[in-house]
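Q: Quick one: this structure, given as structure tokens, is what I'll be asking you about.
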Amino acid sequence: MSELLQNLHIGPIDIAIFVTVSILTGGLLFQSNSEKGRGSLLRRRLNRVTGKETGRMASANDPIDAELRRRQIRSAMKNGEKDSGPSITAKLRQAGLNWSKPKYVLVTIMTIMVVWCALVLGVAKKPLLMLVVAVPLGGALPYFYVLRTIKKRLKQFANEFPSAIDIIVRGVSAGLPLSECLKTIANEAREPVRSEFNQLINDQSVGIPLEKACHRLAVRVPLPETSFFAIVLAVQSRSGGSLSEILTNLSTVVRGRKMLDAQIQTMSAEAKMSGRIIGAMPLLVAASLFYLSPDYITILTTTTVGNLILAGCLFWMFTGVMVMKKMINFKV
């Protein structure tokens, strides 16, 4: 090991810097994002809609109160997109990963170490420079993996959620209590709807009110559909009304959003593929030059000016990829 460190020109100062940066990265990850975020804001919206903050219970037979409730629901749905981001712990829960925050930090530090070693061995034997590149790159890989897992899981939930709403509508129309309909979903629905509604049933079994249990569901699954579902049940439990009719309308809206999203994905597929090709071209050209003429491309890693040029190219390439991703990322 000592011979390898000597061959790579890694001294005690380099190791100390690496350990310090790793510890600082872990500390920043521990402190990143407040735990309050989306949960407290959604709770305040539920309180406004159900009348807790105003001190005024809405009447189901009063047309003025009905119109007021509709305006409050619309306002809550619009404000749902402005919530501050959840913490790392909440993101791990949303992704369905059985990771704790210390485990996530450990995975991040290990990823940074692996990326740093790969860069030092494969790109340039300059530990300090490669450390500067490895810290943001290695720290971003686990984070983007969690975000990708969340996106995939939310998409699966959104696809199955209309069927779960239909189960509630049919059950309530047939005279079954709402709790039995929720248990049916928890037992027979597909993942991840089944696990989330199973958690909702578990919350109720320990004495948590349905309103708060639905609020927790909306926090775990940050979709407009689940937020609206929680608000609808909160309003219905306090002011009454036809739950089956409201949920039927919600199911229709959710299915319409799904169809519109599919149409948008189809129409934007060509633009997304073009963006991927443009983003991959610099890497492919660099790999080709490294294979065909190594001396022509290695100057970027062996000289100070080349290092600066390489860093600038990576920065602007990353910026361009993010801009293209933003341009082709359509939301319904």
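Labels for the structure tokens follow display order: chains A, B, ..., residues from 1 in each chain, ligands from 1.
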Using backbone DSSP assignments, extract all helix (DSSP H, G or I) residues from stretch 110-212 of chain A; output them as number ranges by chain.
A: A: 110-122, 127-173, 178-188, 193-205, 210-212
Q: Write out, as a PDB file, in the first residue's frame, the residues just selected, with C-alpha atoms.
A:
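Once written, result.pdb looks like this:
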```
ATOM      1  CA  MET A 110     -17.425   5.549  -0.354  1.00  0.00           C
ATOM      2  CA  THR A 111     -18.559   6.694  -3.805  1.00  0.00           C
ATOM      3  CA  ILE A 112     -16.299   9.752  -3.561  1.00  0.00           C
ATOM      4  CA  MET A 113     -13.355   7.521  -2.626  1.00  0.00           C
ATOM      5  CA  VAL A 114     -14.014   5.131  -5.525  1.00  0.00           C
ATOM      6  CA  VAL A 115     -14.354   7.987  -8.030  1.00  0.00           C
ATOM      7  CA  TRP A 116     -11.207   9.655  -6.686  1.00  0.00           C
ATOM      8  CA  CYS A 117      -9.164   6.446  -6.988  1.00  0.00           C
ATOM      9  CA  ALA A 118     -10.510   5.835 -10.501  1.00  0.00           C
ATOM     10  CA  LEU A 119      -9.605   9.359 -11.596  1.00  0.00           C
ATOM     11  CA  VAL A 120      -6.122   9.186 -10.086  1.00  0.00           C
ATOM     12  CA  LEU A 121      -5.379   5.794 -11.632  1.00  0.00           C
ATOM     13  CA  GLY A 122      -7.075   6.330 -14.975  1.00  0.00           C
ATOM     14  CA  PRO A 127      -4.481  13.608  -6.247  1.00  0.00           C
ATOM     15  CA  LEU A 128      -5.426  17.158  -5.266  1.00  0.00           C
ATOM     16  CA  LEU A 129      -6.847  18.070  -8.667  1.00  0.00           C
ATOM     17  CA  MET A 130      -8.691  14.761  -8.968  1.00  0.00           C
ATOM     18  CA  LEU A 131     -10.062  15.246  -5.451  1.00  0.00           C
ATOM     19  CA  VAL A 132     -11.635  18.536  -6.516  1.00  0.00           C
ATOM     20  CA  VAL A 133     -13.362  16.672  -9.358  1.00  0.00           C
ATOM     21  CA  ALA A 134     -14.229  13.562  -7.320  1.00  0.00           C
ATOM     22  CA  VAL A 135     -16.010  15.319  -4.441  1.00  0.00           C
ATOM     23  CA  PRO A 136     -18.862  16.896  -6.446  1.00  0.00           C
ATOM     24  CA  LEU A 137     -19.055  13.977  -8.888  1.00  0.00           C
ATOM     25  CA  GLY A 138     -19.025  11.247  -6.262  1.00  0.00           C
ATOM     26  CA  GLY A 139     -21.375  13.195  -4.010  1.00  0.00           C
ATOM     27  CA  ALA A 140     -23.862  13.707  -6.825  1.00  0.00           C
ATOM     28  CA  LEU A 141     -24.068  10.071  -7.947  1.00  0.00           C
ATOM     29  CA  PRO A 142     -25.963   8.692  -4.892  1.00  0.00           C
ATOM     30  CA  TYR A 143     -28.176  11.785  -4.792  1.00  0.00           C
ATOM     31  CA  PHE A 144     -29.172  11.429  -8.441  1.00  0.00           C
ATOM     32  CA  TYR A 145     -29.764   7.714  -7.880  1.00  0.00           C
ATOM     33  CA  VAL A 146     -32.217   8.540  -5.091  1.00  0.00           C
ATOM     34  CA  LEU A 147     -33.938  11.166  -7.254  1.00  0.00           C
ATOM     35  CA  ARG A 148     -34.241   8.713 -10.143  1.00  0.00           C
ATOM     36  CA  THR A 149     -35.699   6.071  -7.823  1.00  0.00           C
ATOM     37  CA  ILE A 150     -38.210   8.599  -6.464  1.00  0.00           C
ATOM     38  CA  LYS A 151     -39.261   9.596  -9.971  1.00  0.00           C
ATOM     39  CA  LYS A 152     -39.745   5.974 -11.009  1.00  0.00           C
ATOM     40  CA  ARG A 153     -41.711   5.120  -7.869  1.00  0.00           C
ATOM     41  CA  LEU A 154     -43.953   8.194  -8.137  1.00  0.00           C
ATOM     42  CA  LYS A 155     -44.693   7.319 -11.755  1.00  0.00           C
ATOM     43  CA  GLN A 156     -45.712   3.801 -10.738  1.00  0.00           C
ATOM     44  CA  PHE A 157     -47.891   5.192  -7.956  1.00  0.00           C
ATOM     45  CA  ALA A 158     -49.573   7.688 -10.292  1.00  0.00           C
ATOM     46  CA  ASN A 159     -50.356   4.892 -12.754  1.00  0.00           C
ATOM     47  CA  GLU A 160     -52.036   2.716 -10.108  1.00  0.00           C
ATOM     48  CA  PHE A 161     -53.677   5.442  -8.019  1.00  0.00           C
ATOM     49  CA  PRO A 162     -56.799   5.877 -10.251  1.00  0.00           C
ATOM     50  CA  SER A 163     -57.594   2.169  -9.807  1.00  0.00           C
ATOM     51  CA  ALA A 164     -57.327   2.587  -6.037  1.00  0.00           C
ATOM     52  CA  ILE A 165     -59.725   5.535  -6.167  1.00  0.00           C
ATOM     53  CA  ASP A 166     -62.160   3.440  -8.224  1.00  0.00           C
ATOM     54  CA  ILE A 167     -62.099   0.756  -5.525  1.00  0.00           C
ATOM     55  CA  ILE A 168     -63.095   3.355  -2.936  1.00  0.00           C
ATOM     56  CA  VAL A 169     -65.845   4.734  -5.188  1.00  0.00           C
ATOM     57  CA  ARG A 170     -67.367   1.296  -5.839  1.00  0.00           C
ATOM     58  CA  GLY A 171     -67.077   0.272  -2.209  1.00  0.00           C
ATOM     59  CA  VAL A 172     -68.683   3.444  -0.856  1.00  0.00           C
ATOM     60  CA  SER A 173     -71.437   3.239  -3.490  1.00  0.00           C
ATOM     61  CA  LEU A 178     -64.337   3.824   3.931  1.00  0.00           C
ATOM     62  CA  SER A 179     -62.001   1.896   6.243  1.00  0.00           C
ATOM     63  CA  GLU A 180     -62.894  -1.399   4.550  1.00  0.00           C
ATOM     64  CA  CYS A 181     -62.213   0.111   1.134  1.00  0.00           C
ATOM     65  CA  LEU A 182     -58.792   1.272   2.303  1.00  0.00           C
ATOM     66  CA  LYS A 183     -58.021  -2.218   3.649  1.00  0.00           C
ATOM     67  CA  THR A 184     -59.009  -3.724   0.300  1.00  0.00           C
ATOM     68  CA  ILE A 185     -56.528  -1.436  -1.450  1.00  0.00           C
ATOM     69  CA  ALA A 186     -53.817  -2.290   1.090  1.00  0.00           C
ATOM     70  CA  ASN A 187     -54.334  -6.013   0.413  1.00  0.00           C
ATOM     71  CA  GLU A 188     -55.037  -6.192  -3.329  1.00  0.00           C
ATOM     72  CA  VAL A 193     -49.887   1.798  -3.828  1.00  0.00           C
ATOM     73  CA  ARG A 194     -50.315  -1.299  -1.673  1.00  0.00           C
ATOM     74  CA  SER A 195     -47.419  -0.508   0.667  1.00  0.00           C
ATOM     75  CA  GLU A 196     -48.413   3.148   1.036  1.00  0.00           C
ATOM     76  CA  PHE A 197     -52.046   2.336   1.847  1.00  0.00           C
ATOM     77  CA  ASN A 198     -50.857  -0.426   4.154  1.00  0.00           C
ATOM     78  CA  GLN A 199     -48.879   2.233   6.021  1.00  0.00           C
ATOM     79  CA  LEU A 200     -52.024   4.383   6.090  1.00  0.00           C
ATOM     80  CA  ILE A 201     -53.965   1.491   7.669  1.00  0.00           C
ATOM     81  CA  ASN A 202     -51.174   0.955  10.203  1.00  0.00           C
ATOM     82  CA  ASP A 203     -51.308   4.644  11.131  1.00  0.00           C
ATOM     83  CA  GLN A 204     -55.045   4.357  11.758  1.00  0.00           C
ATOM     84  CA  SER A 205     -54.621   1.171  13.783  1.00  0.00           C
ATOM     85  CA  LEU A 210     -57.859   9.459   9.035  1.00  0.00           C
ATOM     86  CA  GLU A 211     -57.197  13.113   8.218  1.00  0.00           C
ATOM     87  CA  LYS A 212     -53.680  12.993   9.631  1.00  0.00           C
TER      88      LYS A 212
END
```
